[in-house]
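Asks: File input.cif below, mmCIF, C-alpha atoms and all ligand atoms:
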```cif
data_data
loop_
_atom_site.group_PDB
_atom_site.id
_atom_site.type_symbol
_atom_site.label_atom_id
_atom_site.label_comp_id
_atom_site.auth_asym_id
_atom_site.auth_seq_id
_atom_site.Cartn_x
_atom_site.Cartn_y
_atom_site.Cartn_z
ATOM 1 C CA MET N 558 0.000 0.000 0.000
ATOM 2 C CA ALA N 559 1.178 3.469 -0.799
ATOM 3 C CA ALA N 560 3.383 5.288 1.654
ATOM 4 C CA SER N 561 2.138 8.677 2.772
ATOM 5 C CA ASN N 562 4.335 10.644 0.413
ATOM 6 C CA ALA N 563 3.560 8.289 -2.468
ATOM 7 C CA GLU N 564 -0.063 9.390 -2.300
ATOM 8 C CA LYS N 565 0.949 12.766 -3.636
ATOM 9 C CA LYS N 566 2.175 11.122 -6.825
ATOM 10 C CA PRO N 567 -0.251 11.209 -9.744
ATOM 11 C CA ASP N 568 -2.679 8.305 -9.576
ATOM 12 C CA LYS N 569 -2.016 6.003 -12.507
ATOM 13 C CA ASP N 570 -5.708 5.140 -12.503
ATOM 14 C CA ALA N 571 -6.690 8.761 -13.130
ATOM 15 C CA PRO N 572 -6.930 8.678 -16.961
ATOM 16 C CA TRP N 573 -9.064 5.532 -16.855
ATOM 17 C CA LEU N 574 -11.165 6.978 -14.109
ATOM 18 C CA ALA N 575 -11.872 10.107 -16.142
ATOM 19 C CA ARG N 576 -13.014 7.979 -19.066
ATOM 20 C CA ALA N 577 -15.145 5.792 -16.800
ATOM 21 C CA LYS N 578 -16.776 8.853 -15.311
ATOM 22 C CA ALA N 579 -17.573 9.994 -18.824
ATOM 23 C CA GLY N 580 -19.498 6.757 -19.312
ATOM 24 C CA ASP N 581 -16.924 4.407 -20.840
ATOM 25 C CA PHE N 582 -17.503 0.890 -19.492
ATOM 26 C CA GLU N 583 -14.284 -0.456 -21.008
ATOM 27 C CA ALA N 584 -12.326 2.019 -18.924
ATOM 28 C CA PHE N 585 -14.224 1.010 -15.801
ATOM 29 C CA GLU N 586 -13.596 -2.644 -16.582
ATOM 30 C CA TYR N 587 -9.918 -1.886 -16.976
ATOM 31 C CA LEU N 588 -9.912 -0.491 -13.438
ATOM 32 C CA VAL N 589 -11.722 -3.601 -12.215
ATOM 33 C CA ASN N 590 -9.061 -5.767 -13.861
ATOM 34 C CA ARG N 591 -6.389 -3.766 -12.178
ATOM 35 C CA HIS N 592 -7.783 -4.038 -8.657
ATOM 36 C CA GLU N 593 -9.870 -7.228 -8.455
ATOM 37 C CA LYS N 594 -7.050 -9.628 -7.515
ATOM 38 C CA ARG N 595 -5.844 -7.453 -4.694
ATOM 39 C CA LEU N 596 -9.353 -6.799 -3.373
ATOM 40 C CA TYR N 597 -10.248 -10.492 -3.488
ATOM 41 C CA ALA N 598 -7.195 -11.430 -1.443
ATOM 42 C CA PHE N 599 -7.977 -8.559 0.904
ATOM 43 C CA ALA N 600 -11.555 -9.759 1.421
ATOM 44 C CA MET N 601 -10.353 -13.336 1.958
ATOM 45 C CA HIS N 602 -7.956 -12.163 4.626
ATOM 46 C CA ILE N 603 -10.771 -10.540 6.537
ATOM 47 C CA LEU N 604 -13.571 -13.031 5.892
ATOM 48 C CA ARG N 605 -11.637 -16.302 5.384
ATOM 49 C CA ASN N 606 -14.489 -17.749 3.371
ATOM 50 C CA ARG N 607 -14.676 -17.889 -0.395
ATOM 51 C CA GLU N 608 -18.373 -17.137 -0.936
ATOM 52 C CA ASP N 609 -18.333 -14.220 1.457
ATOM 53 C CA ALA N 610 -15.184 -12.813 -0.132
ATOM 54 C CA GLU N 611 -16.769 -13.052 -3.581
ATOM 55 C CA ASP N 612 -19.916 -11.302 -2.357
ATOM 56 C CA ALA N 613 -17.870 -8.598 -0.683
ATOM 57 C CA VAL N 614 -15.782 -7.940 -3.789
ATOM 58 C CA GLN N 615 -18.830 -7.806 -6.019
ATOM 59 C CA SER N 616 -20.596 -5.496 -3.627
ATOM 60 C CA THR N 617 -17.495 -3.275 -3.472
ATOM 61 C CA PHE N 618 -17.310 -2.819 -7.223
ATOM 62 C CA ILE N 619 -21.052 -2.231 -7.476
ATOM 63 C CA LYS N 620 -20.779 0.512 -4.867
ATOM 64 C CA ALA N 621 -17.835 1.979 -6.756
ATOM 65 C CA LEU N 622 -19.851 1.859 -9.983
ATOM 66 C CA GLU N 623 -22.868 3.538 -8.385
ATOM 67 C CA HIS N 624 -20.807 6.233 -6.688
ATOM 68 C CA LEU N 625 -18.174 6.861 -9.310
ATOM 69 C CA GLN N 626 -19.312 10.449 -9.758
ATOM 70 C CA ASP N 627 -19.021 11.085 -6.016
ATOM 71 C CA PHE N 628 -15.370 10.102 -5.923
ATOM 72 C CA ARG N 629 -13.506 13.393 -5.695
ATOM 73 C CA GLU N 630 -9.976 12.027 -6.083
ATOM 74 C CA ALA N 631 -8.731 13.343 -2.761
ATOM 75 C CA ALA N 632 -7.138 9.905 -2.327
ATOM 76 C CA ALA N 633 -5.920 7.440 -4.913
ATOM 77 C CA PHE N 634 -8.656 5.401 -6.574
ATOM 78 C CA GLY N 635 -7.109 2.207 -5.185
ATOM 79 C CA THR N 636 -7.232 3.619 -1.662
ATOM 80 C CA TRP N 637 -10.862 4.581 -2.098
ATOM 81 C CA LEU N 638 -11.681 1.049 -3.286
ATOM 82 C CA THR N 639 -9.823 -0.495 -0.366
ATOM 83 C CA ARG N 640 -11.791 1.655 2.038
ATOM 84 C CA ILE N 641 -15.084 0.526 0.499
ATOM 85 C CA ALA N 642 -13.905 -3.091 0.523
ATOM 86 C CA GLY N 643 -12.840 -2.821 4.157
ATOM 87 C CA ASN N 644 -16.189 -1.413 5.254
ATOM 88 C CA THR N 645 -18.078 -3.960 3.190
ATOM 89 C CA ALA N 646 -16.082 -6.935 4.484
ATOM 90 C CA LEU N 647 -16.419 -5.803 8.094
ATOM 91 C CA THR N 648 -20.172 -5.417 7.680
ATOM 92 C CA PHE N 649 -20.316 -8.964 6.313
ATOM 93 C CA LEU N 650 -18.242 -10.199 9.212
ATOM 94 C CA ARG N 651 -20.559 -8.655 11.783
ATOM 95 C CA LYS N 652 -23.630 -9.971 9.991
ATOM 96 C CA ARG N 653 -22.180 -13.451 9.754
ATOM 97 C CA LYS N 654 -21.425 -13.521 13.441
ATOM 98 C CA ASN N 655 -25.049 -12.661 13.971
ATOM 99 C CA ASN N 656 -24.115 -10.663 16.986
ATOM 100 C CA PRO N 657 -22.843 -7.143 16.821
ATOM 101 C CA VAL N 658 -19.308 -7.862 17.996
ATOM 102 C CA SER N 659 -17.764 -4.585 18.822
ATOM 103 C CA LEU N 660 -14.419 -4.049 17.208
ATOM 104 C CA ASN N 661 -14.196 -0.732 18.964
ATOM 105 C CA GLU N 662 -11.734 -0.022 21.657
ATOM 106 C CA ALA N 663 -14.070 1.204 24.380
ATOM 107 C CA THR N 664 -14.972 -2.322 25.437
ATOM 108 C CA ASP N 665 -11.489 -3.665 25.883
ATOM 109 C CA GLU N 666 -9.268 -0.819 26.936
ATOM 110 C CA ASN N 667 -8.284 -2.504 30.164
ATOM 111 C CA GLU N 668 -7.372 -5.954 29.008
ATOM 112 C CA GLU N 669 -5.133 -4.479 26.345
ATOM 113 C CA GLY N 670 -2.763 -3.408 29.098
ATOM 114 C CA PHE N 671 -1.468 -6.897 29.741
ATOM 115 C CA ILE N 672 0.965 -8.244 27.226
ATOM 116 C CA PRO N 673 1.840 -11.875 27.913
ATOM 117 C CA HIS N 674 5.553 -12.574 27.901
ATOM 118 C CA PRO N 675 7.058 -14.977 25.420
ATOM 119 C CA ASP N 676 6.930 -18.348 27.108
ATOM 120 C CA PHE N 677 8.194 -20.989 24.735
ATOM 121 C CA ILE N 678 11.479 -19.567 23.494
ATOM 122 C CA ALA N 679 13.399 -21.802 21.129
ATOM 123 C CA ASP N 680 14.838 -21.441 17.690
ATOM 124 C CA TRP N 681 12.916 -23.290 15.028
ATOM 125 C CA SER N 682 14.624 -26.529 14.173
ATOM 126 C CA HIS N 683 13.869 -26.189 10.463
ATOM 127 C CA ASP N 684 12.280 -23.938 7.902
ATOM 128 C CA PRO N 685 8.647 -25.101 8.116
ATOM 129 C CA ALA N 686 7.915 -23.906 4.578
ATOM 130 C CA LYS N 687 10.568 -26.279 3.232
ATOM 131 C CA LYS N 688 10.080 -29.150 5.601
ATOM 132 C CA LEU N 689 6.323 -29.589 5.599
ATOM 133 C CA GLU N 690 3.816 -30.418 2.904
ATOM 134 C CA GLN N 691 2.008 -27.257 1.827
ATOM 135 C CA ASP N 692 -1.319 -28.626 3.093
ATOM 136 C CA GLU N 693 0.069 -29.481 6.465
ATOM 137 C CA LEU N 694 1.692 -26.085 6.864
ATOM 138 C CA GLN N 695 -1.523 -24.365 5.794
ATOM 139 C CA THR N 696 -3.504 -26.317 8.395
ATOM 140 C CA ILE N 697 -1.097 -25.263 11.128
ATOM 141 C CA LEU N 698 -1.130 -21.604 10.052
ATOM 142 C CA ASP N 699 -4.917 -21.562 9.751
ATOM 143 C CA GLY N 700 -5.365 -23.226 13.138
ATOM 144 C CA ALA N 701 -3.127 -20.698 14.848
ATOM 145 C CA ILE N 702 -4.802 -17.702 13.290
ATOM 146 C CA GLU N 703 -8.321 -19.021 13.908
ATOM 147 C CA ALA N 704 -7.478 -19.343 17.579
ATOM 148 C CA LEU N 705 -6.823 -15.613 17.878
ATOM 149 C CA PRO N 706 -9.566 -13.281 19.056
ATOM 150 C CA GLU N 707 -11.075 -11.655 16.004
ATOM 151 C CA LYS N 708 -9.907 -8.151 16.845
ATOM 152 C CA HIS N 709 -6.307 -9.364 16.993
ATOM 153 C CA ARG N 710 -6.619 -11.491 13.894
ATOM 154 C CA LEU N 711 -7.968 -8.589 11.826
ATOM 155 C CA VAL N 712 -5.166 -6.273 12.835
ATOM 156 C CA PHE N 713 -2.537 -8.908 12.060
ATOM 157 C CA MET N 714 -4.094 -9.659 8.674
ATOM 158 C CA LEU N 715 -4.427 -6.050 7.601
ATOM 159 C CA ARG N 716 -1.047 -4.923 8.852
ATOM 160 C CA ASP N 717 1.232 -7.907 8.334
ATOM 161 C CA VAL N 718 -0.379 -9.919 5.564
ATOM 162 C CA VAL N 719 -2.103 -7.247 3.481
ATOM 163 C CA GLY N 720 0.665 -4.792 4.322
ATOM 164 C CA MET N 721 -1.388 -1.773 5.310
ATOM 165 C CA ARG N 722 0.189 0.949 7.385
ATOM 166 C CA ILE N 723 -0.789 1.361 11.031
ATOM 167 C CA ASP N 724 -2.877 4.456 10.334
ATOM 168 C CA GLU N 725 -4.644 2.811 7.389
ATOM 169 C CA THR N 726 -5.439 -0.233 9.509
ATOM 170 C CA ALA N 727 -6.763 2.040 12.231
ATOM 171 C CA LYS N 728 -9.001 3.852 9.762
ATOM 172 C CA VAL N 729 -10.457 0.684 8.265
ATOM 173 C CA LEU N 730 -11.205 -0.825 11.677
ATOM 174 C CA GLY N 731 -12.358 2.425 13.231
ATOM 175 C CA ILE N 732 -9.954 2.186 16.163
ATOM 176 C CA SER N 733 -6.991 4.281 17.259
ATOM 177 C CA ALA N 734 -3.472 3.750 15.947
ATOM 178 C CA ALA N 735 -2.363 3.059 19.529
ATOM 179 C CA ASN N 736 -4.889 0.272 19.735
ATOM 180 C CA VAL N 737 -3.750 -1.169 16.432
ATOM 181 C CA LYS N 738 -0.208 -1.325 17.809
ATOM 182 C CA VAL N 739 -1.183 -3.091 21.005
ATOM 183 C CA ARG N 740 -3.390 -5.596 19.208
ATOM 184 C CA LEU N 741 -0.697 -6.211 16.635
ATOM 185 C CA LEU N 742 1.849 -6.947 19.325
ATOM 186 C CA ARG N 743 -0.532 -9.355 21.035
ATOM 187 C CA ALA N 744 -1.327 -11.090 17.758
ATOM 188 C CA ARG N 745 2.304 -11.443 16.763
ATOM 189 C CA LEU N 746 3.310 -12.762 20.167
ATOM 190 C CA ALA N 747 0.421 -15.228 20.271
ATOM 191 C CA LEU N 748 1.132 -16.578 16.798
ATOM 192 C CA ARG N 749 4.829 -16.810 17.531
ATOM 193 C CA GLU N 750 4.036 -18.737 20.681
ATOM 194 C CA THR N 751 1.782 -21.229 18.910
ATOM 195 C CA LEU N 752 4.135 -21.761 16.005
ATOM 196 C CA THR N 753 7.160 -22.127 18.256
ATOM 197 C CA ARG N 754 5.375 -24.869 20.197
ATOM 198 C CA ARG N 755 5.024 -26.591 16.865
ATOM 199 C CA PHE N 756 8.309 -25.809 15.139
ATOM 200 C CA GLY N 757 10.587 -24.938 18.047
ATOM 201 C CA ASP N 758 13.502 -27.181 18.819
ATOM 202 C CA GLU N 759 12.530 -28.599 22.229
ATOM 203 C CA ALA N 760 16.135 -29.549 22.921
ATOM 204 C CA LYS N 761 17.209 -25.943 22.564
ATOM 205 C CA ARG N 762 14.382 -24.424 24.534
ATOM 206 C CA ILE N 763 15.526 -21.489 26.583
ATOM 207 C CA PHE N 764 14.228 -21.180 30.116
ATOM 208 C CA GLN N 765 14.786 -17.898 31.735
ATOM 209 C CA THR N 766 13.476 -17.482 35.212
ATOM 210 C CA HIS N 767 13.814 -13.789 35.870
ATOM 211 C CA ASP N 768 13.248 -11.809 32.702
ATOM 212 C CA HIS N 769 11.382 -14.307 30.622
ATOM 213 C CA GLY N 770 9.228 -16.009 33.217
ATOM 214 C CA THR N 771 5.815 -17.352 32.372
ATOM 215 C CA GLU N 772 4.143 -14.924 34.740
ATOM 216 C CA GLN N 773 2.269 -12.028 33.303
ATOM 217 C CA MET N 774 3.936 -8.709 33.490
ATOM 218 C CA ASP N 775 3.707 -7.008 36.856
ATOM 219 C CA LYS N 776 1.394 -4.044 37.332
ATOM 220 C CA THR N 777 4.054 -1.370 37.013
ATOM 221 C CA SER N 778 5.336 -2.638 33.692
ATOM 222 C CA ALA N 779 1.847 -3.089 32.367
ATOM 223 C CA GLN N 780 1.071 0.455 33.409
ATOM 224 C CA LEU N 781 4.200 1.720 31.684
ATOM 225 C CA LEU N 782 3.381 -0.188 28.552
ATOM 226 C CA LEU N 783 -0.141 1.168 28.504
ATOM 227 C CA GLN N 784 1.104 4.706 28.994
ATOM 228 C CA SER N 785 3.605 4.355 26.201
ATOM 229 C CA TYR N 786 0.816 3.390 23.819
ATOM 230 C CA GLN N 787 -1.560 6.037 25.015
ATOM 231 C CA ALA N 788 0.994 8.771 24.614
ATOM 232 C CA MET A 952 18.003 -1.781 28.306
ATOM 233 C CA LYS A 953 16.184 -4.710 29.866
ATOM 234 C CA CYS A 954 14.159 -7.521 28.306
ATOM 235 C CA GLU A 955 11.076 -5.744 29.600
ATOM 236 C CA ASP A 956 11.801 -2.719 27.406
ATOM 237 C CA MET A 957 12.404 -4.971 24.432
ATOM 238 C CA LEU A 958 8.848 -6.235 24.474
ATOM 239 C CA ARG A 959 7.603 -2.694 24.387
ATOM 240 C CA MET A 960 9.683 -1.846 21.314
ATOM 241 C CA LEU A 961 9.383 -5.155 19.535
ATOM 242 C CA ASN A 962 6.880 -3.962 16.932
ATOM 243 C CA ASP A 963 8.842 -0.857 16.034
ATOM 244 C CA TYR A 964 12.029 -2.871 15.723
ATOM 245 C CA VAL A 965 10.525 -5.618 13.585
ATOM 246 C CA ASP A 966 8.838 -3.006 11.377
ATOM 247 C CA GLN A 967 12.051 -0.981 11.164
ATOM 248 C CA GLU A 968 10.255 2.043 12.508
ATOM 249 C CA ILE A 969 12.383 2.292 15.597
ATOM 250 C CA ASP A 970 14.214 5.472 16.523
ATOM 251 C CA PRO A 971 17.816 5.041 15.258
ATOM 252 C CA ALA A 972 19.334 5.913 18.633
ATOM 253 C CA VAL A 973 17.097 3.403 20.405
ATOM 254 C CA CYS A 974 17.801 0.890 17.668
ATOM 255 C CA ASP A 975 21.480 0.783 18.601
ATOM 256 C CA GLN A 976 20.576 0.056 22.205
ATOM 257 C CA PHE A 977 18.093 -2.553 21.086
ATOM 258 C CA GLU A 978 20.695 -4.307 18.979
ATOM 259 C CA ALA A 979 23.298 -4.078 21.727
ATOM 260 C CA HIS A 980 20.849 -5.892 23.969
ATOM 261 C CA LEU A 981 20.201 -8.544 21.326
ATOM 262 C CA GLU A 982 23.942 -9.205 21.118
ATOM 263 C CA ASP A 983 24.010 -10.155 24.781
ATOM 264 C CA CYS A 984 20.586 -11.653 25.241
ATOM 265 C CA ASN A 985 19.914 -14.888 23.466
ATOM 266 C CA PRO A 986 16.244 -15.235 24.515
ATOM 267 C CA CYS A 987 15.355 -11.831 23.079
ATOM 268 C CA GLN A 988 17.282 -12.602 19.948
ATOM 269 C CA VAL A 989 15.335 -15.832 19.474
ATOM 270 C CA VAL A 990 12.026 -14.073 20.119
ATOM 271 C CA VAL A 991 12.783 -11.391 17.507
ATOM 272 C CA ASP A 992 13.913 -14.021 15.057
ATOM 273 C CA THR A 993 10.894 -16.288 15.520
ATOM 274 C CA ILE A 994 8.499 -13.312 15.295
ATOM 275 C CA ARG A 995 10.032 -12.415 11.957
ATOM 276 C CA LYS A 996 9.717 -16.009 10.776
ATOM 277 C CA THR A 997 6.087 -16.055 11.911
ATOM 278 C CA ILE A 998 5.201 -12.929 9.934
ATOM 279 C CA LYS A 999 7.041 -14.221 6.880
ATOM 280 C CA LEU A 1000 5.203 -17.560 6.966
ATOM 281 C CA TYR A 1001 1.837 -15.822 7.006
ATOM 282 C CA LYS A 1002 2.797 -13.313 4.378
ATOM 283 C CA GLU A 1003 3.869 -16.050 2.019
ATOM 284 C CA GLY A 1004 1.334 -18.651 3.091
ATOM 285 C CA GLU A 1005 -1.877 -16.678 2.959
ATOM 286 C CA VAL A 1006 -2.092 -16.235 -0.773
ATOM 287 C CA TYR A 1007 -5.483 -16.211 -2.403
ATOM 288 C CA GLU A 1008 -6.118 -16.359 -6.126
ATOM 289 C CA ILE A 1009 -9.342 -14.921 -7.461
ATOM 290 C CA PRO A 1010 -11.448 -17.826 -8.850
ATOM 291 C CA ILE A 1011 -11.859 -17.535 -12.627
ATOM 292 C CA ALA A 1012 -15.557 -18.436 -12.565
ATOM 293 C CA PHE A 1013 -16.190 -15.669 -10.065
ATOM 294 C CA ARG A 1014 -14.218 -13.208 -12.125
ATOM 295 C CA ASP A 1015 -16.390 -13.932 -15.165
ATOM 296 C CA ARG A 1016 -19.574 -13.543 -13.132
ATOM 297 C CA LEU A 1017 -18.318 -10.309 -11.609
ATOM 298 C CA HIS A 1018 -17.598 -8.737 -14.970
ATOM 299 C CA GLN A 1019 -20.960 -9.846 -16.337
ATOM 300 C CA THR A 1020 -22.798 -8.385 -13.338
ATOM 301 C CA LEU A 1021 -20.926 -5.118 -13.545
ATOM 302 C CA ARG A 1022 -21.618 -4.789 -17.263
ATOM 303 C CA GLU A 1023 -25.352 -5.254 -16.623
ATOM 304 C CA ARG A 1024 -25.323 -2.740 -13.799
ATOM 305 C CA TRP A 1025 -23.478 -0.260 -15.916
ATOM 306 C CA LEU A 1026 -26.011 -0.528 -18.716
ATOM 307 C CA GLN A 1027 -28.915 -0.219 -16.292
ATOM 308 C CA LYS A 1028 -27.438 2.870 -14.724
ATOM 309 C CA ASN A 1029 -26.715 4.582 -18.014
ATOM 310 C CA ASP A 1030 -30.142 3.679 -19.407
ATOM 311 C CA ASN A 1031 -31.823 5.360 -16.485
ATOM 312 C CA LYS A 1032 -29.936 8.534 -17.159
ATOM 313 C CA THR A 1033 -31.109 8.890 -20.736
HETATM 314 ZN ZN ZN B 1 16.586 -9.760 26.630
#
```
Transcribe the structure of this file into structure tokens.
Ligand SMILES: [Zn+2]
Replies:
Amino acid sequence: MAASNAEKKPDKDAPWLARAKAGDFEAFEYLVNRHEKRLYAFAMHILRNREDAEDAVQSTFIKALEHLQDFREAAAFGTWLTRIAGNTALTFLRKRKNNPVSLNEATDENEEGFIPHPDFIADWSHDPAKKLEQDELQTILDGAIEALPEKHRLVFMLRDVVGMRIDETAKVLGISAANVKVRLLRARLALRETLTRRFGDEAKRIFQTHDHGTEQMDKTSAQLLLQSYQA
Amino acid sequence: MKCEDMLRMLNDYVDQEIDPAVCDQFEAHLEDCNPCQVVVDTIRKTIKLYKEGEVYEIPIAFRDRLHQTLRERWLQKNDNKT
């Protein structure tokens, strides 16, 4: 995704967009071709279900088609599409859950303060991508990510897999950048923990009693951590 | 710098968004602290696995349907205008 200064560069979609706005379907279709692969992967990362991702992508492009004239080109066309896709996918996600899970920060401000320490510390005995069958690796990766709370999973997916910036992730999820950072740290640590239990070399496991104990961080450190993210 | 501080700066370090002055301290700590080094290393491996593993190709049948639907919508919309 574009870096902040890259957004000032001329949007390479602009000429096609102008033609599409003037009523040229071929130009609009060209833009669809250009963005559909990325948006499909994006929707899959959020929804993790093929039918839902397809519906979300279709709905995104239909919205874009209907509102083409409203797009004022303050942001790049691709950014605008991603924003629509993000909102659409999140709406689907909430609907699917059939309960209005709040992804907002107000509900979980307190629990975010505690960051569990790394517990299983060991170098991985092999490169899992080389050692395992693709299916087996995929099952392990999927299992680990499914086990994460949704709010952590979404942040990890958008930031680390899709590659959005912190502020973009915050905007799509409607939470603060500070919250994105805390959730990202929790997600990364949790996934690392799970994968290390699977791939870590048991023989080389490092036990550290003082700094790397299994206890949760004491109050003072948690407080400090929280302050550093609220600053 | 203690291991405790490392945890707090882990994201910034892994994302290479850490303050250069703090980065030196961070790396000095990594030199001397094997557990932290392993944690940083395995976090990086974790992110890499997901980045490379979670790849989704758009299904061709869906792509065809999508384009068909959009073409119809487009025609509908432009018909209404005239
Ligand atoms: Zn350390």
Asks: Point out the residue among A:Cys987, A:Ala972, A:Ala979, A:Leu961 with the least atom-to-atom distance to ligand ZN 1 (chain B), counting only C-alpha atoms and all ligand atoms.
Replies: A:Cys987
Asks: Report as a ChimeraX atom specification which protein, DNA and RNA residues come within 12 Å of ligand ZN 1 (chain B), using all atoms listed in the file.
Replies: /N:674-675,678,763,765-770 /A:952-961,976-991
Asks: Pull out every residue that the PyMOL selection byres ((chain A) within 10 of (chain N)) matches in the shown coordinates and put them as a PyMOL selection string.
Replies: chain A and resi 953-956+958-963+966+985-1010+1013-1014+1016-1018+1020-1022+1024-1026+1028-1029
Asks: Quick check, in Å to one decimal: how far apart do CA of Thr639 in chain N and CA of Arg591 in chain N lie?
Replies: 12.7 Å
Asks: Check the smallest atom-to-atom distance from each of N:Arg755, N:Lys654, N:Lys708, N:Lys566 to Ile732 in chain N using only C-alpha atoms, then report the winner.
Replies: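 Looking at the shortest contact to Ile732 in chain N, the residue is N:Lys708.
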Asks: Work out how far CA of Ala621 in chain N is from CA of Asp1030 in chain A, in Å to one decimal.
Replies: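 Going from CA of Asp1030 in chain A over to CA of Ala621 in chain N covers 17.7 Å.
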Asks: One decimal, Å: what's the distance from CA of Ala646 in chain N over to CA of Ala613 in chain N, could you say?
Replies: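 Calculated distance between CA of Ala646 in chain N and CA of Ala613 in chain N is 5.7 Å.
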Asks: I'd like the box whose edges run along x, y and z of the file and which contains every listed atom of range 987-1006 of chain A, padded by 6 Å per side; could you state its centre and edge lengths in Å, one decimal, as lines of an AutoDock Vina configuration file?
Replies:
```
center_x = 7.6
center_y = -15.0
center_z = 11.2
size_x = 31.4
size_y = 19.3
size_z = 35.9
```
Asks: Quick one: everything within 7 Å of Thr726 in chain N, counting all atoms listed in the file, minus sequence neighbours fewer than 4 positions away in the same chain. Send it as a list of chain:residue names.
Replies: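 Counting all atoms listed in the file, the residues come to N:Val712, N:Leu715, N:Arg716, N:Met721, N:Arg722, N:Leu730.
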Asks: Return the single residue from N:Asp568, N:Ala744, N:His683, N:Gly643 that is closest to Ala704 in chain N, with distances computed using all atoms listed in the file.
Replies: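 Comparing N:Asp568, N:Ala744, N:His683, N:Gly643 against Ala704 in chain N, the winner is N:Ala744.
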Asks: For N, CA, C and O atoms, please extract range 958-971 of chain A from the block and return it as a compact mmCIF listing (two decimals), in the first residue's frame.
Replies:
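Here's the written file part_5.txt:
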```
# COMPACT_ATOMS: atom_id res chain seq x y z
N LEU A 958 10.22 -5.84 24.83
CA LEU A 958 8.85 -6.23 24.47
C LEU A 958 8.06 -5.02 24.00
O LEU A 958 7.30 -5.08 23.05
N ARG A 959 8.31 -3.94 24.68
CA ARG A 959 7.60 -2.69 24.39
C ARG A 959 7.98 -2.15 22.99
O ARG A 959 7.19 -1.49 22.34
N MET A 960 9.22 -2.42 22.59
CA MET A 960 9.68 -1.85 21.31
C MET A 960 9.76 -2.86 20.18
O MET A 960 10.22 -2.55 19.09
N LEU A 961 9.29 -4.06 20.49
CA LEU A 961 9.38 -5.16 19.54
C LEU A 961 8.77 -4.83 18.17
O LEU A 961 9.40 -5.02 17.12
N ASN A 962 7.56 -4.30 18.19
CA ASN A 962 6.88 -3.96 16.93
C ASN A 962 7.70 -2.98 16.10
O ASN A 962 7.94 -3.20 14.92
N ASP A 963 8.11 -1.89 16.76
CA ASP A 963 8.84 -0.86 16.03
C ASP A 963 10.14 -1.40 15.46
O ASP A 963 10.55 -1.04 14.36
N TYR A 964 10.78 -2.30 16.21
CA TYR A 964 12.03 -2.87 15.72
C TYR A 964 11.78 -3.79 14.52
O TYR A 964 12.44 -3.67 13.49
N VAL A 965 10.83 -4.67 14.66
CA VAL A 965 10.53 -5.62 13.58
C VAL A 965 10.07 -4.88 12.32
O VAL A 965 10.38 -5.26 11.20
N ASP A 966 9.34 -3.78 12.52
CA ASP A 966 8.84 -3.01 11.38
C ASP A 966 9.85 -1.98 10.88
O ASP A 966 9.54 -1.20 9.98
N GLN A 967 10.99 -1.95 11.51
CA GLN A 967 12.05 -0.98 11.16
C GLN A 967 11.56 0.45 11.26
O GLN A 967 11.88 1.30 10.42
N GLU A 968 10.74 0.69 12.28
CA GLU A 968 10.26 2.04 12.51
C GLU A 968 10.79 2.58 13.83
O GLU A 968 10.27 3.53 14.39
N ILE A 969 11.84 1.92 14.30
CA ILE A 969 12.38 2.29 15.60
C ILE A 969 13.32 3.50 15.44
O ILE A 969 13.97 3.66 14.41
N ASP A 970 13.31 4.33 16.45
CA ASP A 970 14.21 5.47 16.52
C ASP A 970 15.67 4.97 16.40
O ASP A 970 16.06 4.06 17.11
N PRO A 971 16.46 5.56 15.49
CA PRO A 971 17.82 5.04 15.26
C PRO A 971 18.68 4.94 16.53
O PRO A 971 19.43 3.98 16.70
```
